[in-house]
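The file entry20.cif comes next; it holds mmCIF, C-alpha atoms.
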```cif
data_protein
loop_
_atom_site.label_atom_id
_atom_site.label_comp_id
_atom_site.auth_asym_id
_atom_site.auth_seq_id
_atom_site.Cartn_x
_atom_site.Cartn_y
_atom_site.Cartn_z
CA MET B 1462 -2.41 -31.81 20.39
CA ALA B 1463 -5.98 -32.67 21.29
CA LYS B 1464 -8.72 -30.85 19.42
CA ASP B 1465 -10.19 -29.61 22.67
CA ALA B 1466 -6.85 -28.32 24.07
CA PRO B 1467 -7.18 -24.88 25.70
CA ILE B 1468 -4.53 -23.42 23.35
CA GLN B 1469 -3.67 -24.25 19.75
CA PHE B 1470 -1.43 -22.64 17.15
CA LYS B 1471 -2.22 -22.40 13.45
CA GLY B 1472 -0.55 -20.55 10.62
CA THR B 1473 -2.46 -17.68 9.03
CA SER B 1474 -2.05 -15.21 6.21
CA LEU B 1475 -2.75 -11.68 7.45
CA LYS B 1476 -2.58 -8.45 5.49
CA ILE B 1477 -0.03 -6.18 7.20
CA ILE B 1478 0.53 -2.58 6.17
CA GLN B 1479 4.22 -1.61 6.05
CA THR B 1480 4.21 1.90 7.52
CA GLN B 1481 7.43 3.76 6.74
CA LEU B 1482 8.31 6.36 9.38
CA ARG B 1483 11.26 8.76 9.33
CA THR B 1484 10.81 10.14 12.84
CA THR B 1485 9.44 9.25 16.26
CA GLU B 1486 8.40 12.83 17.06
CA LEU B 1487 4.70 12.86 17.84
CA ALA B 1488 4.05 16.40 16.58
CA ALA B 1489 5.57 15.70 13.16
CA LEU B 1490 3.76 12.37 12.86
CA HIS B 1491 0.46 13.93 13.94
CA ALA B 1492 0.73 16.68 11.32
CA ALA B 1493 1.63 14.25 8.53
CA LEU B 1494 -1.11 11.80 9.49
CA ALA B 1495 -3.71 14.57 9.71
CA GLU B 1496 -2.75 15.78 6.24
CA LEU B 1497 -2.99 12.28 4.80
CA THR B 1498 -6.09 10.95 6.54
CA GLY B 1499 -7.96 14.09 7.53
CA ASN B 1500 -8.06 12.71 11.10
CA SER B 1501 -10.68 10.20 10.02
CA PRO B 1502 -11.01 7.55 12.78
CA ASP B 1503 -11.84 4.75 10.31
CA PHE B 1504 -9.39 5.61 7.53
CA PHE B 1505 -7.50 2.29 7.81
CA GLU B 1506 -10.46 0.20 9.04
CA ASN B 1507 -8.54 -1.50 11.88
CA GLU B 1508 -5.64 -2.70 9.71
CA LEU B 1509 -2.42 -4.08 11.28
CA ALA B 1510 0.90 -2.34 10.68
CA VAL B 1511 4.66 -2.88 10.97
CA LEU B 1512 6.43 0.41 11.73
CA ASP B 1513 9.39 0.50 9.33
CA PHE B 1514 12.22 2.86 10.36
CA SER B 1515 14.79 1.46 7.91
CA HIS B 1516 14.97 4.79 6.03
CA ALA B 1517 15.00 7.01 9.15
CA GLU B 1518 18.11 8.94 10.17
CA ASN B 1519 19.24 10.57 13.43
CA LEU B 1520 16.52 9.04 15.56
CA PRO B 1521 16.57 10.10 19.24
CA GLU B 1522 17.49 7.50 21.84
CA ASN B 1523 14.00 7.46 23.31
CA ALA B 1524 10.50 7.43 21.87
CA ASN B 1525 6.95 7.62 23.15
CA TRP B 1526 5.80 4.28 21.74
CA VAL B 1527 2.47 4.38 23.54
CA GLY B 1528 1.82 7.84 22.09
CA ILE B 1529 2.79 6.71 18.59
CA CYS B 1530 0.49 3.67 18.80
CA ASP B 1531 -2.37 5.79 20.13
CA LEU B 1532 -1.85 8.30 17.33
CA LEU B 1533 -2.05 5.61 14.65
CA GLN B 1534 -5.04 3.98 16.31
CA GLY B 1535 -6.80 7.31 15.98
CA SER B 1536 -6.91 6.62 12.22
CA GLY B 1537 -7.76 2.93 12.59
CA LEU B 1538 -4.19 1.56 12.24
CA HIS B 1539 -2.87 -0.87 14.87
CA ALA B 1540 0.91 -1.19 15.24
CA VAL B 1541 2.08 -4.74 15.99
CA ALA B 1542 5.85 -4.66 15.38
CA THR B 1543 8.84 -2.55 14.27
CA ARG B 1544 11.63 -2.90 11.74
CA GLY B 1545 14.93 -1.12 11.14
CA LEU B 1546 15.40 0.42 14.60
CA PRO B 1547 18.76 0.85 16.36
CA GLU B 1548 19.31 -1.68 19.14
CA LYS B 1549 18.45 0.65 22.02
CA LEU B 1550 15.23 1.90 20.44
CA ALA B 1551 14.28 -1.65 19.44
CA SER B 1552 14.61 -2.64 23.12
CA THR B 1553 12.30 0.13 24.30
CA ALA B 1554 9.81 -0.71 21.54
CA LEU B 1555 9.86 -4.35 22.63
CA ALA B 1556 9.19 -3.29 26.22
CA ALA B 1557 6.16 -1.40 24.90
CA GLY B 1558 4.85 -4.53 23.17
CA LEU B 1559 6.30 -3.92 19.69
CA PRO B 1560 8.75 -6.73 18.79
CA ALA B 1561 11.26 -6.27 15.99
CA VAL B 1562 10.78 -8.24 12.77
CA SER B 1563 13.07 -8.76 9.79
CA ALA B 1564 12.40 -7.77 6.20
CA ASP B 1565 11.80 -11.45 5.38
CA ALA B 1566 8.86 -11.50 7.78
CA LEU B 1567 7.04 -8.93 5.62
CA GLY B 1568 7.04 -11.11 2.52
CA ARG B 1569 7.99 -14.74 2.14
CA SER B 1570 9.58 -15.95 -1.03
CA THR B 1571 7.37 -18.20 -3.12
CA ALA B 1572 10.30 -19.94 -4.79
CA ARG B 1573 10.48 -23.68 -4.19
CA PRO B 1574 13.76 -25.49 -3.45
CA LYS B 1575 15.28 -27.17 -6.45
CA ALA B 1576 14.64 -30.92 -6.48
CA ALA B 1577 17.64 -33.24 -6.28
CA GLU B 1578 18.70 -34.41 -9.69
CA ALA B 1579 18.16 -38.13 -10.30
CA PRO B 1580 20.58 -40.12 -12.47
CA LEU B 1581 19.61 -40.09 -16.12
CA VAL B 1582 18.07 -43.33 -17.31
CA PRO B 1583 17.39 -43.89 -21.03
CA PRO B 1584 13.62 -43.88 -21.50
CA ALA B 1585 11.93 -47.02 -22.76
CA PRO B 1586 10.48 -46.84 -26.27
CA ALA B 1587 6.98 -45.46 -26.06
CA PRO B 1588 4.16 -47.32 -27.74
CA ALA B 1589 2.52 -45.66 -30.69
CA ILE B 1590 -0.50 -43.80 -29.40
CA ALA B 1591 -2.76 -41.10 -30.71
CA PRO B 1592 -1.58 -37.56 -29.96
CA VAL B 1593 -3.10 -35.99 -26.88
CA VAL B 1594 -4.81 -32.68 -27.44
CA THR B 1595 -4.23 -30.34 -24.49
CA PRO B 1596 -7.01 -27.82 -23.93
CA PRO B 1597 -5.94 -24.18 -23.68
CA PRO B 1598 -5.42 -22.91 -20.11
CA ALA B 1599 -8.41 -21.28 -18.52
CA PRO B 1600 -8.15 -17.48 -18.55
CA GLU B 1601 -7.17 -15.87 -15.28
CA PRO B 1602 -9.95 -13.91 -13.60
CA ALA B 1603 -9.81 -10.22 -14.38
CA PRO B 1604 -8.93 -7.93 -11.48
CA ARG B 1605 -11.96 -6.47 -9.77
CA THR B 1606 -12.87 -2.92 -10.77
CA ILE B 1607 -15.37 -0.55 -9.20
CA THR B 1608 -16.90 2.35 -11.14
CA LEU B 1609 -18.00 5.62 -9.52
CA ASP B 1610 -20.21 7.59 -11.90
CA LYS B 1611 -21.57 10.25 -9.55
CA PRO B 1612 -19.81 13.46 -8.47
CA LEU B 1613 -18.10 13.31 -5.08
CA ARG B 1614 -18.83 16.42 -3.03
CA SER B 1615 -16.65 18.12 -0.43
CA GLY B 1616 -16.37 16.02 2.73
CA GLN B 1617 -17.35 12.78 0.97
CA ARG B 1618 -15.07 9.76 0.59
CA PHE B 1619 -15.22 6.68 -1.66
CA TYR B 1620 -13.03 3.62 -0.97
CA ALA B 1621 -12.59 0.81 -3.54
CA LYS B 1622 -11.30 -1.91 -1.21
CA GLY B 1623 -9.27 -4.66 -2.89
CA SER B 1624 -9.86 -3.30 -6.39
CA ASP B 1625 -9.13 -0.66 -9.02
CA LEU B 1626 -11.37 2.39 -9.21
CA ILE B 1627 -12.75 4.12 -12.32
CA VAL B 1628 -14.28 7.56 -11.77
CA THR B 1629 -16.35 9.25 -14.49
CA ALA B 1630 -17.49 12.29 -12.50
CA MET B 1631 -15.79 15.22 -10.81
CA ILE B 1632 -13.98 14.83 -7.48
CA SER B 1633 -14.65 18.13 -5.71
CA ALA B 1634 -12.18 19.95 -3.48
CA GLY B 1635 -12.37 18.41 -0.01
CA ALA B 1636 -13.54 15.04 -1.37
CA GLU B 1637 -11.42 11.89 -1.39
CA VAL B 1638 -11.16 8.71 -3.48
CA ILE B 1639 -9.14 5.73 -2.24
CA ALA B 1640 -8.35 2.38 -3.88
CA ASP B 1641 -6.14 -0.58 -3.06
CA GLY B 1642 -5.32 -0.72 -6.80
CA ASN B 1643 -5.14 1.90 -9.57
CA ILE B 1644 -7.36 4.97 -9.83
CA HIS B 1645 -8.59 6.22 -13.22
CA ILE B 1646 -10.39 9.58 -13.18
CA TYR B 1647 -12.00 10.72 -16.44
CA ALA B 1648 -13.03 14.08 -14.98
CA PRO B 1649 -11.47 16.92 -12.97
CA LEU B 1650 -9.63 15.76 -9.85
CA ARG B 1651 -9.91 18.65 -7.40
CA GLY B 1652 -9.78 16.74 -4.11
CA ARG B 1653 -7.58 13.88 -2.95
CA ALA B 1654 -6.70 10.57 -4.63
CA LEU B 1655 -4.90 7.74 -2.81
CA ALA B 1656 -3.97 4.64 -4.84
CA GLY B 1657 -2.28 1.47 -3.56
CA ALA B 1658 -3.81 2.12 -0.13
CA SER B 1659 -2.84 -1.36 1.11
CA GLY B 1660 0.80 -0.91 0.09
CA ASP B 1661 0.83 -1.76 -3.65
CA LYS B 1662 3.77 0.26 -4.96
CA THR B 1663 2.90 -0.57 -8.60
CA ALA B 1664 -0.44 1.23 -8.36
CA ARG B 1665 -0.98 4.43 -10.35
CA ILE B 1666 -3.32 7.38 -10.58
CA PHE B 1667 -4.55 8.65 -13.97
CA THR B 1668 -6.64 11.77 -14.45
CA THR B 1669 -7.73 13.80 -17.46
CA CYS B 1670 -7.66 17.04 -15.45
CA LEU B 1671 -5.24 17.47 -12.53
CA GLU B 1672 -6.34 20.08 -9.98
CA ALA B 1673 -5.68 17.93 -6.90
CA GLU B 1674 -5.13 18.88 -3.28
CA LEU B 1675 -3.19 15.66 -2.57
CA VAL B 1676 -2.13 12.53 -4.44
CA SER B 1677 -0.67 9.39 -2.87
CA VAL B 1678 0.60 5.95 -3.91
CA ALA B 1679 1.25 3.28 -1.26
CA GLY B 1680 1.34 5.90 1.50
CA ILE B 1681 3.87 8.19 -0.20
CA TYR B 1682 2.10 11.45 -0.92
CA ARG B 1683 2.45 14.93 -2.34
CA THR B 1684 0.31 17.94 -1.52
CA PHE B 1685 -0.44 20.96 -3.68
CA GLU B 1686 -1.08 23.65 -1.07
CA ALA B 1687 0.19 26.33 -3.44
CA GLY B 1688 -1.65 24.79 -6.37
CA VAL B 1689 -0.64 22.31 -9.04
CA PRO B 1690 2.45 23.42 -11.04
CA ALA B 1691 1.48 25.47 -14.09
CA GLU B 1692 2.77 22.88 -16.57
CA LEU B 1693 0.47 20.24 -15.06
CA ALA B 1694 -2.53 22.29 -13.91
CA ARG B 1695 -5.81 21.16 -15.49
CA GLN B 1696 -3.86 18.82 -17.77
CA PRO B 1697 -4.00 15.02 -18.18
CA ALA B 1698 -1.50 13.50 -15.73
CA THR B 1699 -0.31 10.27 -14.20
CA VAL B 1700 1.07 9.62 -10.71
CA CYS B 1701 3.33 6.68 -9.84
CA LEU B 1702 6.28 5.61 -7.69
CA THR B 1703 9.80 5.51 -9.11
CA GLU B 1704 12.93 4.08 -7.51
CA GLU B 1705 15.87 6.43 -6.98
CA GLY B 1706 18.87 5.30 -4.97
CA GLY B 1707 16.91 2.43 -3.45
CA GLU B 1708 14.18 4.81 -2.28
CA SER B 1709 10.62 5.17 -3.59
CA ARG B 1710 9.68 8.65 -4.80
CA LEU B 1711 6.34 9.95 -6.01
CA THR B 1712 6.39 11.17 -9.61
CA VAL B 1713 3.70 13.34 -11.18
CA ALA B 1714 3.99 13.64 -14.95
CA ALA B 1715 2.00 14.87 -17.92
CA LEU B 1716 -0.05 12.22 -19.71
CA ALA B 1717 -0.18 12.38 -23.52
CA LEU B 1718 -3.68 11.52 -24.74
CA ARG B 1719 -3.08 12.40 -28.41
#
```

Would you write the structure of this file as structure tokens?
Amino acid sequence: MAKDAPIQFKGTSLKIIQTQLRTTELAALHAALAELTGNSPDFFENELAVLDFSHAENLPENANWVGICDLLQGSGLHAVATRGLPEKLASTALAAGLPAVSADALGRSTARPKAAEAPLVPPAPAPAIAPVVTPPPAPEPAPRTITLDKPLRSGQRFYAKGSDLIVTAMISAGAEVIADGNIHIYAPLRGRALAGASGDKTARIFTTCLEAELVSVAGIYRTFEAGVPAELARQPATVCLTEEGGESRLTVAALALR
């Protein structure tokens, strides 16, 4: 194709957020999204999303796809496709501009095909040469880490995009820290902490004093509207995802520091 052709196609590598939904009811989605994002219009910073319904049950036969897309866009998330829908719902989603994609489309395997085996040929005797000294491999670059050393007041938010976050000051109630990687808080956590914001299910949250309003890993969250359980309140704790029956669950556990 000519370089000056009016249309060209090139492969790209885009970051897509896999958004797991268990319902298409707007009211339920609005409440959950408001609790998670605080209705912030730039929470996701115009990220793209695949709406994953593979864990949803008893979905109705119709859905307000325009309403769902508008709701997500209100937090800066743009739906581009769906996954795991029944055939009828997938058809209505397609009509609304949301094509269905397979699980493979969300992550390609990096494994290379095995090369064909050539017939074995006895190697020729090698000439005597001096041994070759191989230099040690260069160390891999350390993951990026951002440090927040000032208290975060109510209504404030700090986002460590593409990195881990270390916090050495208090996170007040009504404040929020977000990181695409892990979050380490060496101070009271009284607000919200969201790790793995771009979908990293291996991310974790660590705090020396758990008094949180909400904790989340890769979009799976838990709120403490009635307060943190007594056995964890104001104690060192860790938050991570565990797999149970093929499903990711958020686990909050005590952290032994001694």

Quick one: residues within 8 Å of B:Ala1654, all atoms listed in the file, excluding same-chain residues fewer than 3 positions away - as a PDB file with C-alpha atoms, in the frame of the given file?
```pdb
ATOM      1  CA  GLU B1637     -11.420  11.890  -1.390  1.00  0.00           C
ATOM      2  CA  VAL B1638     -11.160   8.710  -3.480  1.00  0.00           C
ATOM      3  CA  ILE B1639      -9.140   5.730  -2.240  1.00  0.00           C
ATOM      4  CA  ILE B1644      -7.360   4.970  -9.830  1.00  0.00           C
ATOM      5  CA  LEU B1650      -9.630  15.760  -9.850  1.00  0.00           C
ATOM      6  CA  ILE B1666      -3.320   7.380 -10.580  1.00  0.00           C
ATOM      7  CA  ALA B1673      -5.680  17.930  -6.900  1.00  0.00           C
ATOM      8  CA  LEU B1675      -3.190  15.660  -2.570  1.00  0.00           C
ATOM      9  CA  VAL B1676      -2.130  12.530  -4.440  1.00  0.00           C
ATOM     10  CA  SER B1677      -0.670   9.390  -2.870  1.00  0.00           C
TER      11      SER B1677
END
```

>> Once the PyMOL selection byres ((chain B and resi 1642) around 6) is applied to the coordinates I shared, what remains selected? I want it as a VMD selection string.
In response: chain B and resid 1624 to 1625 1640 to 1641 1643 1656 to 1657 1664

>> With the PyMOL selection byres ((chain B and resi 1670) around 10) as the selection, what would be picked from this file? Answer as JSON, numbers by chain, please.
In response: {"B": [1631, 1646, 1647, 1648, 1649, 1650, 1651, 1667, 1668, 1669, 1671, 1672, 1673, 1693, 1694, 1695, 1696, 1697, 1698, 1716]}

>> I'd like to know which of B:Gly1660, B:Glu1508, B:Gly1537, B:Leu1532 is closest to B:Ala1489, using all atoms listed in the file.
In response: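 Residue with the minimum atom-to-atom distance to B:Ala1489: B:Leu1532.
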
> Of the candidates B:Leu1718, B:Leu1559, B:Ala1687, B:Leu1550, which one gets nearest to B:Thr1699 if we count only C-alpha atoms?
Replying inline: B:Leu1718

> If you measure from atom CA of B:Ala1561 to atom CA of B:Asp1513, what distance in Å do you get, rounded to one decimal?
Replying inline: 9.7 Å

> atom CA of B:Leu1609 and atom CA of B:Leu1626 are how many Å apart?
Replying inline: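 Interatomic distance here is 7.4 Å.
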
>> Going by the chain IDs and residue numbers used in this file, which residues fall under the PyMOL selection byres ((chain B and resi 1539) around 10)? Write them as number ranges by chain.
In response: B: 1477-1478, 1505-1512, 1530-1538, 1540-1542

> Within 9 Å of (-19.9, 12.7, -5.7), all atoms listed in the file: residues as an MDAnalysis selection string?
Replying inline: chainID B and resid 1609:1615 1617:1619 1630:1633 1636

Dump of C-alpha atoms for the selected residues, as a PDB file, keeping the file's coordinate frame:
```
ATOM      1  CA  LEU B1609     -18.000   5.620  -9.520  1.00  0.00           C
ATOM      2  CA  ASP B1610     -20.210   7.590 -11.900  1.00  0.00           C
ATOM      3  CA  LYS B1611     -21.570  10.250  -9.550  1.00  0.00           C
ATOM      4  CA  PRO B1612     -19.810  13.460  -8.470  1.00  0.00           C
ATOM      5  CA  LEU B1613     -18.100  13.310  -5.080  1.00  0.00           C
ATOM      6  CA  ARG B1614     -18.830  16.420  -3.030  1.00  0.00           C
ATOM      7  CA  SER B1615     -16.650  18.120  -0.430  1.00  0.00           C
ATOM      8  CA  GLN B1617     -17.350  12.780   0.970  1.00  0.00           C
ATOM      9  CA  ARG B1618     -15.070   9.760   0.590  1.00  0.00           C
ATOM     10  CA  PHE B1619     -15.220   6.680  -1.660  1.00  0.00           C
ATOM     11  CA  ALA B1630     -17.490  12.290 -12.500  1.00  0.00           C
ATOM     12  CA  MET B1631     -15.790  15.220 -10.810  1.00  0.00           C
ATOM     13  CA  ILE B1632     -13.980  14.830  -7.480  1.00  0.00           C
ATOM     14  CA  SER B1633     -14.650  18.130  -5.710  1.00  0.00           C
ATOM     15  CA  ALA B1636     -13.540  15.040  -1.370  1.00  0.00           C
TER      16      ALA B1636
END
```

> For the atom pair atom CA of B:Glu1674 and atom CA of B:Glu1496, what is the interatomic distance in Å to one decimal place?
Replying inline: 10.3 Å

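Considering the residues B:Leu1487, B:Arg1653, B:Thr1498, B:Pro1547 and counting only C-alpha atoms, B:Asn1525 has its shortest atom-to-atom contact with B:Leu1487.
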
>> Using all atoms listed in the file, can you tell me which of B:Ala1517, B:Ala1717, B:Ala1554, B:Ile1529 comes closest to B:Ala1488?
In response: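 Closest candidate: B:Ile1529.
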
>> Which residues are near B:Leu1711? Cut-off 7 Å, all atoms listed in the file, ignore same chain within fewer than 6 positions. Put them as a PyMOL selection string.
In response: chain B and resi 1681-1682+1701-1703

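Of the residues under consideration (B:Val1700, B:Ala1557, B:Val1689, B:Val1628), B:Val1700 shows the shortest atom-to-atom contact distance to B:Thr1663 when counting all atoms listed in the file.
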
Reconstruct N, CA and C atoms of stretch 1529-1552 of chain B from the incomplete input and present them as a compact mmCIF listing (two decimals), in the frame of the given file.
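Dumped everything to part00.txt:
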```txt
# COMPACT_ATOMS: atom_id res chain seq x y z
N ILE B 1529 2.80 7.00 20.02
CA ILE B 1529 2.79 6.71 18.59
C ILE B 1529 1.68 5.72 18.25
N CYS B 1530 1.55 4.67 19.05
CA CYS B 1530 0.49 3.67 18.80
C CYS B 1530 -0.90 4.29 18.93
N ASP B 1531 -1.08 5.13 19.95
CA ASP B 1531 -2.37 5.79 20.13
C ASP B 1531 -2.68 6.71 18.96
N LEU B 1532 -1.66 7.41 18.46
CA LEU B 1532 -1.85 8.30 17.33
C LEU B 1532 -2.32 7.54 16.09
N LEU B 1533 -1.67 6.42 15.81
CA LEU B 1533 -2.05 5.61 14.65
C LEU B 1533 -3.43 4.99 14.83
N GLN B 1534 -3.72 4.56 16.05
CA GLN B 1534 -5.04 3.98 16.31
C GLN B 1534 -6.14 4.99 16.09
N GLY B 1535 -5.81 6.28 16.23
CA GLY B 1535 -6.80 7.31 15.98
C GLY B 1535 -7.28 7.34 14.54
N SER B 1536 -6.50 6.74 13.63
CA SER B 1536 -6.91 6.62 12.22
C SER B 1536 -7.25 5.19 11.85
N GLY B 1537 -7.36 4.31 12.85
CA GLY B 1537 -7.76 2.93 12.59
C GLY B 1537 -6.62 2.00 12.23
N LEU B 1538 -5.36 2.38 12.56
CA LEU B 1538 -4.19 1.56 12.24
C LEU B 1538 -3.56 1.06 13.53
N HIS B 1539 -3.36 -0.26 13.64
CA HIS B 1539 -2.87 -0.87 14.87
C HIS B 1539 -1.44 -1.39 14.68
N ALA B 1540 -0.48 -0.77 15.34
CA ALA B 1540 0.91 -1.19 15.24
C ALA B 1540 1.13 -2.49 16.00
N VAL B 1541 1.83 -3.44 15.36
CA VAL B 1541 2.08 -4.74 15.99
C VAL B 1541 3.57 -5.07 16.09
N ALA B 1542 4.42 -4.35 15.37
CA ALA B 1542 5.85 -4.66 15.38
C ALA B 1542 6.63 -3.49 14.78
N THR B 1543 7.98 -3.56 14.87
CA THR B 1543 8.84 -2.55 14.27
C THR B 1543 9.89 -3.23 13.40
N ARG B 1544 10.53 -2.41 12.59
CA ARG B 1544 11.63 -2.90 11.74
C ARG B 1544 12.61 -1.75 11.55
N GLY B 1545 13.91 -2.09 11.50
CA GLY B 1545 14.93 -1.12 11.14
C GLY B 1545 15.33 -0.16 12.23
N LEU B 1546 15.03 -0.47 13.50
CA LEU B 1546 15.40 0.42 14.60
C LEU B 1546 16.80 0.12 15.12
N PRO B 1547 17.51 1.13 15.65
CA PRO B 1547 18.76 0.85 16.36
C PRO B 1547 18.47 -0.03 17.58
N GLU B 1548 19.49 -0.69 18.07
CA GLU B 1548 19.31 -1.68 19.14
C GLU B 1548 18.62 -1.11 20.37
N LYS B 1549 19.03 0.08 20.81
CA LYS B 1549 18.45 0.65 22.02
C LYS B 1549 16.98 0.97 21.83
N LEU B 1550 16.64 1.58 20.70
CA LEU B 1550 15.23 1.90 20.44
C LEU B 1550 14.41 0.63 20.26
N ALA B 1551 14.99 -0.39 19.62
CA ALA B 1551 14.28 -1.65 19.44
C ALA B 1551 13.95 -2.27 20.80
N SER B 1552 14.85 -2.10 21.78
CA SER B 1552 14.61 -2.64 23.12
C SER B 1552 13.45 -1.94 23.80
```
